[in-house]
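Visitor: Data: entry17.pdb, PDB, C-alpha atoms.
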```pdb
ATOM      1  CA  MET A   1       0.000   0.000   0.000
ATOM      2  CA  THR A   2       0.979   3.617  -0.446
ATOM      3  CA  PRO A   3       1.505   5.612   2.765
ATOM      4  CA  LEU A   4      -1.872   7.301   2.218
ATOM      5  CA  ALA A   5      -3.629   3.967   1.741
ATOM      6  CA  VAL A   6      -2.026   2.676   4.960
ATOM      7  CA  ARG A   7      -3.401   5.651   6.912
ATOM      8  CA  ILE A   8      -6.861   5.215   5.376
ATOM      9  CA  HIS A   9      -6.827   1.494   6.099
ATOM     10  CA  ALA A  10      -5.960   2.128   9.742
ATOM     11  CA  ALA A  11      -9.021   4.394  10.038
ATOM     12  CA  LEU A  12     -11.485   1.776   8.792
ATOM     13  CA  PRO A  13     -13.505  -0.490  11.146
ATOM     14  CA  GLN A  14     -12.135  -3.707   9.589
ATOM     15  CA  THR A  15     -15.491  -5.493   9.430
ATOM     16  CA  GLN A  16     -14.525  -6.739   5.927
ATOM     17  CA  CYS A  17     -18.205  -6.537   4.968
ATOM     18  CA  THR A  18     -17.616  -5.628   1.261
ATOM     19  CA  ARG A  19     -20.564  -3.186   1.319
ATOM     20  CA  CYS A  20     -18.212  -0.500   0.024
ATOM     21  CA  GLY A  21     -17.992  -2.429  -3.245
ATOM     22  CA  TYR A  22     -14.487  -3.791  -2.649
ATOM     23  CA  PRO A  23     -13.398  -7.271  -1.474
ATOM     24  CA  ASP A  24     -12.054  -6.044   1.861
ATOM     25  CA  CYS A  25     -11.095  -2.953   3.831
ATOM     26  CA  ALA A  26      -7.601  -2.917   2.342
ATOM     27  CA  GLY A  27      -8.997  -2.892  -1.177
ATOM     28  CA  TYR A  28     -11.283   0.004  -0.297
ATOM     29  CA  ALA A  29      -8.417   1.926   1.321
ATOM     30  CA  GLU A  30      -6.305   1.581  -1.822
ATOM     31  CA  ALA A  31      -9.247   2.683  -3.985
ATOM     32  CA  VAL A  32      -9.831   5.788  -1.864
ATOM     33  CA  ALA A  33      -6.117   6.624  -1.902
ATOM     34  CA  SER A  34      -6.003   6.375  -5.686
ATOM     35  CA  GLY A  35      -9.163   8.419  -6.169
ATOM     36  CA  GLU A  36     -11.107   5.463  -7.513
ATOM     37  CA  ALA A  37     -13.558   5.381  -4.578
ATOM     38  CA  GLY A  38     -15.120   8.059  -2.401
ATOM     39  CA  ILE A  39     -14.842   8.431   1.349
ATOM     40  CA  HIS A  40     -18.614   7.893   1.739
ATOM     41  CA  GLN A  41     -18.825   4.152   1.032
ATOM     42  CA  CYS A  42     -18.393   2.501   4.466
ATOM     43  CA  PRO A  43     -21.679   1.924   6.357
ATOM     44  CA  PRO A  44     -20.013   0.332   9.430
ATOM     45  CA  GLY A  45     -17.853   3.429   9.876
ATOM     46  CA  GLY A  46     -20.853   5.705   9.445
ATOM     47  CA  ALA A  47     -20.700   9.477   9.693
ATOM     48  CA  GLU A  48     -17.733   9.441  12.081
ATOM     49  CA  GLY A  49     -15.851   7.166   9.712
ATOM     50  CA  ILE A  50     -16.423   9.605   6.867
ATOM     51  CA  GLU A  51     -15.098  12.428   9.034
ATOM     52  CA  ARG A  52     -11.989  10.376   9.781
ATOM     53  CA  LEU A  53     -11.345   9.734   6.104
ATOM     54  CA  ALA A  54     -12.024  13.376   5.237
ATOM     55  CA  ALA A  55      -9.379  14.473   7.752
ATOM     56  CA  ILE A  56      -6.849  12.056   6.247
ATOM     57  CA  THR A  57      -7.541  12.722   2.563
ATOM     58  CA  GLY A  58      -8.430  16.402   2.707
ATOM     59  CA  GLN A  59     -11.713  15.708   0.942
ATOM     60  CA  PRO A  60     -14.924  17.421   2.106
ATOM     61  CA  VAL A  61     -17.269  15.501   4.398
ATOM     62  CA  ARG A  62     -20.246  14.081   2.529
ATOM     63  CA  PRO A  63     -23.237  11.908   3.483
ATOM     64  CA  LEU A  64     -22.970   8.133   3.419
ATOM     65  CA  GLY A  65     -24.018   6.880  -0.008
ATOM     66  CA  ALA A  66     -27.426   5.222   0.228
ATOM     67  CA  GLU A  67     -26.388   2.704  -2.422
ATOM     68  CA  PHE A  68     -23.837   1.269   0.016
ATOM     69  CA  GLY A  69     -26.262   0.808   2.903
ATOM     70  CA  ALA A  70     -27.212   2.718   6.018
ATOM     71  CA  GLU A  71     -25.420   3.391   9.273
ATOM     72  CA  GLY A  72     -26.970   1.387  12.076
ATOM     73  CA  PRO A  73     -26.349  -0.611  15.253
ATOM     74  CA  ARG A  74     -23.724  -3.327  15.132
ATOM     75  CA  ARG A  75     -25.337  -6.644  14.395
ATOM     76  CA  MET A  76     -24.268 -10.159  15.292
ATOM     77  CA  ALA A  77     -24.984 -13.392  13.467
ATOM     78  CA  VAL A  78     -27.050 -15.979  15.330
ATOM     79  CA  ILE A  79     -27.458 -19.557  14.080
ATOM     80  CA  ASP A  80     -30.688 -21.445  14.689
ATOM     81  CA  GLU A  81     -29.029 -24.668  15.789
ATOM     82  CA  ALA A  82     -32.211 -26.674  15.271
ATOM     83  CA  TRP A  83     -32.090 -25.966  11.526
ATOM     84  CA  CYS A  84     -28.340 -25.913  10.852
ATOM     85  CA  ILE A  85     -27.414 -28.823   8.564
ATOM     86  CA  GLY A  86     -23.639 -28.428   8.877
ATOM     87  CA  CYS A  87     -23.028 -27.544   5.230
ATOM     88  CA  THR A  88     -19.915 -25.441   6.167
ATOM     89  CA  LEU A  89     -20.654 -22.771   3.542
ATOM     90  CA  CYS A  90     -20.770 -20.066   6.203
ATOM     91  CA  LEU A  91     -17.341 -21.001   7.538
ATOM     92  CA  ASP A  92     -15.506 -19.882   4.423
ATOM     93  CA  ALA A  93     -17.782 -16.856   4.020
ATOM     94  CA  CYS A  94     -16.911 -15.528   7.484
ATOM     95  CA  PRO A  95     -13.867 -13.214   7.170
ATOM     96  CA  THR A  96     -12.872 -13.510  10.829
ATOM     97  CA  ASP A  97     -13.523 -17.230  11.410
ATOM     98  CA  ALA A  98     -16.229 -16.347  13.919
ATOM     99  CA  ILE A  99     -18.249 -19.453  13.067
ATOM    100  CA  LEU A 100     -17.231 -22.775  14.552
ATOM    101  CA  GLY A 101     -18.311 -26.141  13.143
ATOM    102  CA  ILE A 102     -17.452 -29.102  10.930
ATOM    103  CA  HIS A 103     -19.116 -30.886   8.034
ATOM    104  CA  LYS A 104     -22.573 -32.289   8.886
ATOM    105  CA  ARG A 105     -22.362 -30.978  12.437
ATOM    106  CA  MET A 106     -24.177 -28.042  13.978
ATOM    107  CA  HIS A 107     -22.346 -24.692  13.746
ATOM    108  CA  THR A 108     -22.258 -21.861  16.260
ATOM    109  CA  VAL A 109     -21.081 -18.226  16.324
ATOM    110  CA  ILE A 110     -18.229 -17.087  18.554
ATOM    111  CA  GLU A 111     -19.779 -13.803  19.607
ATOM    112  CA  PRO A 112     -16.645 -11.690  20.325
ATOM    113  CA  HIS A 113     -15.242 -12.538  16.890
ATOM    114  CA  CYS A 114     -18.335 -11.596  14.841
ATOM    115  CA  THR A 115     -18.075  -8.215  13.108
ATOM    116  CA  GLY A 116     -21.653  -8.232  11.836
ATOM    117  CA  CYS A 117     -20.462  -8.287   8.230
ATOM    118  CA  GLU A 118     -23.562 -10.264   7.158
ATOM    119  CA  LEU A 119     -21.599 -12.327   4.595
ATOM    120  CA  CYS A 120     -22.821 -15.596   6.105
ATOM    121  CA  ILE A 121     -26.480 -14.757   5.458
ATOM    122  CA  PRO A 122     -26.708 -15.223   1.660
ATOM    123  CA  VAL A 123     -24.665 -18.448   1.570
ATOM    124  CA  CYS A 124     -26.825 -20.368   4.063
ATOM    125  CA  PRO A 125     -29.028 -22.757   2.027
ATOM    126  CA  VAL A 126     -31.582 -23.238   4.808
ATOM    127  CA  ASP A 127     -31.776 -19.632   6.066
ATOM    128  CA  CYS A 128     -30.876 -20.622   9.611
ATOM    129  CA  ILE A 129     -28.739 -17.526  10.267
ATOM    130  CA  SER A 130     -30.265 -14.286  11.482
ATOM    131  CA  LEU A 131     -28.861 -10.977  12.718
ATOM    132  CA  GLU A 132     -29.462  -9.373  16.085
ATOM    133  CA  ASP A 133     -28.717  -5.784  17.041
ATOM    134  CA  VAL A 134     -26.164  -5.832  19.847
ATOM    135  CA  THR A 135     -25.636  -2.083  20.258
ATOM    136  CA  PRO A 136     -29.138  -0.567  20.205
ATOM    137  CA  GLY A 137     -28.950   3.226  20.204
ATOM    138  CA  ARG A 138     -25.311   3.219  19.072
ATOM    139  CA  SER A 139     -24.105   3.036  15.485
ATOM    140  CA  GLY A 140     -20.955   3.480  13.417
ATOM    141  CA  TRP A 141     -17.838   3.983  15.530
ATOM    142  CA  GLN A 142     -20.063   4.505  18.573
ATOM    143  CA  ALA A 143     -20.968   0.818  18.266
ATOM    144  CA  TRP A 144     -17.411  -0.328  17.617
ATOM    145  CA  SER A 145     -13.958   0.361  19.013
ATOM    146  CA  GLN A 146     -10.404   0.591  17.768
ATOM    147  CA  ARG A 147      -9.523  -2.455  19.866
ATOM    148  CA  GLN A 148     -12.264  -4.473  18.162
ATOM    149  CA  ALA A 149     -11.140  -3.230  14.754
ATOM    150  CA  ASP A 150      -7.539  -4.241  15.456
ATOM    151  CA  GLU A 151      -8.651  -7.689  16.614
ATOM    152  CA  ALA A 152     -10.884  -8.132  13.558
ATOM    153  CA  LEU A 153      -7.986  -7.251  11.259
ATOM    154  CA  LYS A 154      -5.744  -9.811  12.968
ATOM    155  CA  ARG A 155      -8.364 -12.511  12.565
ATOM    156  CA  TYR A 156      -8.985 -11.559   8.937
ATOM    157  CA  SER A 157      -5.261 -11.710   8.202
ATOM    158  CA  LEU A 158      -5.065 -15.214   9.682
ATOM    159  CA  HIS A 159      -8.188 -16.265   7.758
ATOM    160  CA  ALA A 160      -6.661 -15.044   4.495
ATOM    161  CA  VAL A 161      -3.472 -17.029   5.158
ATOM    162  CA  HIS A 162      -5.142 -20.281   6.210
ATOM    163  CA  ARG A 163      -8.100 -20.397   3.838
ATOM    164  CA  PRO A 164      -6.269 -21.454   0.644
ATOM    165  CA  ALA A 165      -4.616 -24.361   2.468
ATOM    166  CA  ARG A 166      -7.725 -25.281   4.409
ATOM    167  CA  GLY A 167     -10.386 -24.932   1.719
ATOM    168  CA  GLN A 168     -13.137 -27.401   2.336
ATOM    169  CA  GLN A 169     -10.918 -30.437   2.744
ATOM    170  CA  ASP A 170     -10.486 -30.385   6.503
ATOM    171  CA  LEU A 171     -14.226 -29.916   6.851
ATOM    172  CA  ILE A 172     -14.968 -33.224   5.137
ATOM    173  CA  GLU A 173     -14.860 -36.429   7.098
ATOM    174  CA  PRO A 174     -11.849 -38.645   6.215
ATOM    175  CA  ASP A 175     -13.935 -41.445   4.699
ATOM    176  CA  GLU A 176     -15.846 -39.040   2.524
ATOM    177  CA  ALA A 177     -14.769 -37.914  -0.960
ATOM    178  CA  PRO A 178     -15.588 -34.341  -2.006
ATOM    179  CA  ALA A 179     -18.855 -34.310  -3.939
ATOM    180  CA  PRO A 180     -19.380 -32.374  -7.167
ATOM    181  CA  ALA A 181     -21.163 -29.047  -6.724
ATOM    182  CA  GLU A 182     -24.553 -30.265  -7.918
ATOM    183  CA  ASP A 183     -24.377 -33.384  -5.737
ATOM    184  CA  ARG A 184     -23.514 -31.263  -2.749
ATOM    185  CA  LYS A 185     -26.406 -28.884  -3.363
ATOM    186  CA  ARG A 186     -28.766 -31.835  -3.693
ATOM    187  CA  ALA A 187     -27.445 -33.323  -0.457
ATOM    188  CA  ILE A 188     -27.947 -30.021   1.335
ATOM    189  CA  VAL A 189     -31.545 -29.753   0.163
ATOM    190  CA  GLU A 190     -32.279 -33.379   1.058
ATOM    191  CA  ALA A 191     -30.787 -32.903   4.509
ATOM    192  CA  ALA A 192     -32.900 -29.794   5.035
ATOM    193  CA  LEU A 193     -36.052 -31.647   4.008
ATOM    194  CA  ALA A 194     -35.195 -34.532   6.294
ATOM    195  CA  ARG A 195     -34.717 -32.142   9.188
ATOM    196  CA  ALA A 196     -38.046 -30.472   8.436
ATOM    197  CA  ARG A 197     -39.815 -33.856   8.381
ATOM    198  CA  ALA A 198     -38.177 -34.838  11.659
ATOM    199  CA  ALA A 199     -39.252 -31.563  13.268
ATOM    200  CA  ALA A 200     -42.798 -32.047  12.026
ATOM    201  CA  ALA A 201     -42.869 -35.581  13.421
ATOM    202  CA  ARG A 202     -41.741 -34.346  16.842
ATOM    203  CA  ALA A 203     -44.364 -31.608  16.959
ATOM    204  CA  PRO A 204     -47.457 -32.415  19.077
ATOM    205  CA  ALA A 205     -50.483 -33.402  17.056
ATOM    206  CA  ARG A 206     -53.186 -30.753  16.747
ATOM    207  CA  LYS A 207     -56.451 -31.483  18.501
ATOM    208  CA  PRO A 208     -59.492 -31.454  16.240
TER     209      PRO A 208
END
```
How does this structure look as structure tokens?
Guide:
Amino acid sequence: MTPLAVRIHAALPQTQCTRCGYPDCAGYAEAVASGEAGIHQCPPGGAEGIERLAAITGQPVRPLGAEFGAEGPRRMAVIDEAWCIGCTLCLDACPTDAILGIHKRMHTVIEPHCTGCELCIPVCPVDCISLEDVTPGRSGWQAWSQRQADEALKRYSLHAVHRPARGQQDLIEPDEAPAPAEDRKRAIVEAALARARAAAARAPARKP
């Protein structure tokens, strides 16, 4: 990074949410430094984040771009363990490895490690992940801290190093060969249906 990009990067909340339109906070910092992106594209940083970037770049303060999202309370992912089918798709989607689990086993969220990036939501095939506001009344940098940002960056850096080597292989049981994409999707759907049938069978019968 250029010295300017380094300063911009250090002022970002490090949620790695990609809502700015770039793959991570570093990519956004480089784009702002080069003039490719504006300082108004980071919803997690909010208005205070824009002021920070304005002070660093010398650009005028401007409102957060609505096309990038809205400033709001920090949110945390919560997994409905009764519906989780252990597909592992959320594990690779999480930039800070805040989700713990293995193939075909229930997953859970490590709360202090979750940045509320929301990247696990669209990849879940059974919609068992929801978001809860954990800082009601506080948003942007008022809902986050430099210590949390530093910790999130450390975890993201480790995730980026380990992910290529880890891939999906260590999430597959030793006696199981990796299935083609279509087979895996079919297995996920079948597992979800089986879970739904099992839940329906456990439910008390309705009285006429």
Visitor: Exactly which residues make up the result of the PyMOL selection byres ((chain A and resi 106) around 12) on this file, given as an NGL selection string?
Guide: :A and (79-88 or 90-91 or 99-105 or 107-109 or 128)
Visitor: Running the PyMOL selection byres ((chain A and resi 65) around 6) on this model by hand, what would come out? Give it as number ranges by chain.
Guide: A: 40-41, 64, 66-68
Visitor: Would you mind reading off the distance between atom CA of A:Glu36 and atom CA of A:Pro23, one decimal, in Å?
Guide: 14.3 Å
Visitor: Could you tell me which residues the PyMOL selection byres ((chain A and resi 149) around 10) grabs in this file, written as a list of chain:residue names?
Guide: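 Expected selection for the PyMOL selection byres ((chain A and resi 149) around 10) here is A:Ala10, A:Ala11, A:Leu12, A:Pro13, A:Gln14, A:Thr15, A:Thr115, A:Trp141, A:Trp144, A:Ser145, A:Gln146, A:Arg147, A:Gln148, A:Asp150, A:Glu151, A:Ala152, A:Leu153, A:Lys154, A:Arg155.
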Visitor: Excluding same-chain residues fewer than 3 positions from A:Ser34, what lies within 9 Å of it counting all atoms listed in the file, as a list of chain:residue names?
Guide: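 That gives A:Leu4, A:Ala5, A:Ala29, A:Glu30, A:Ala31, A:Ala37.
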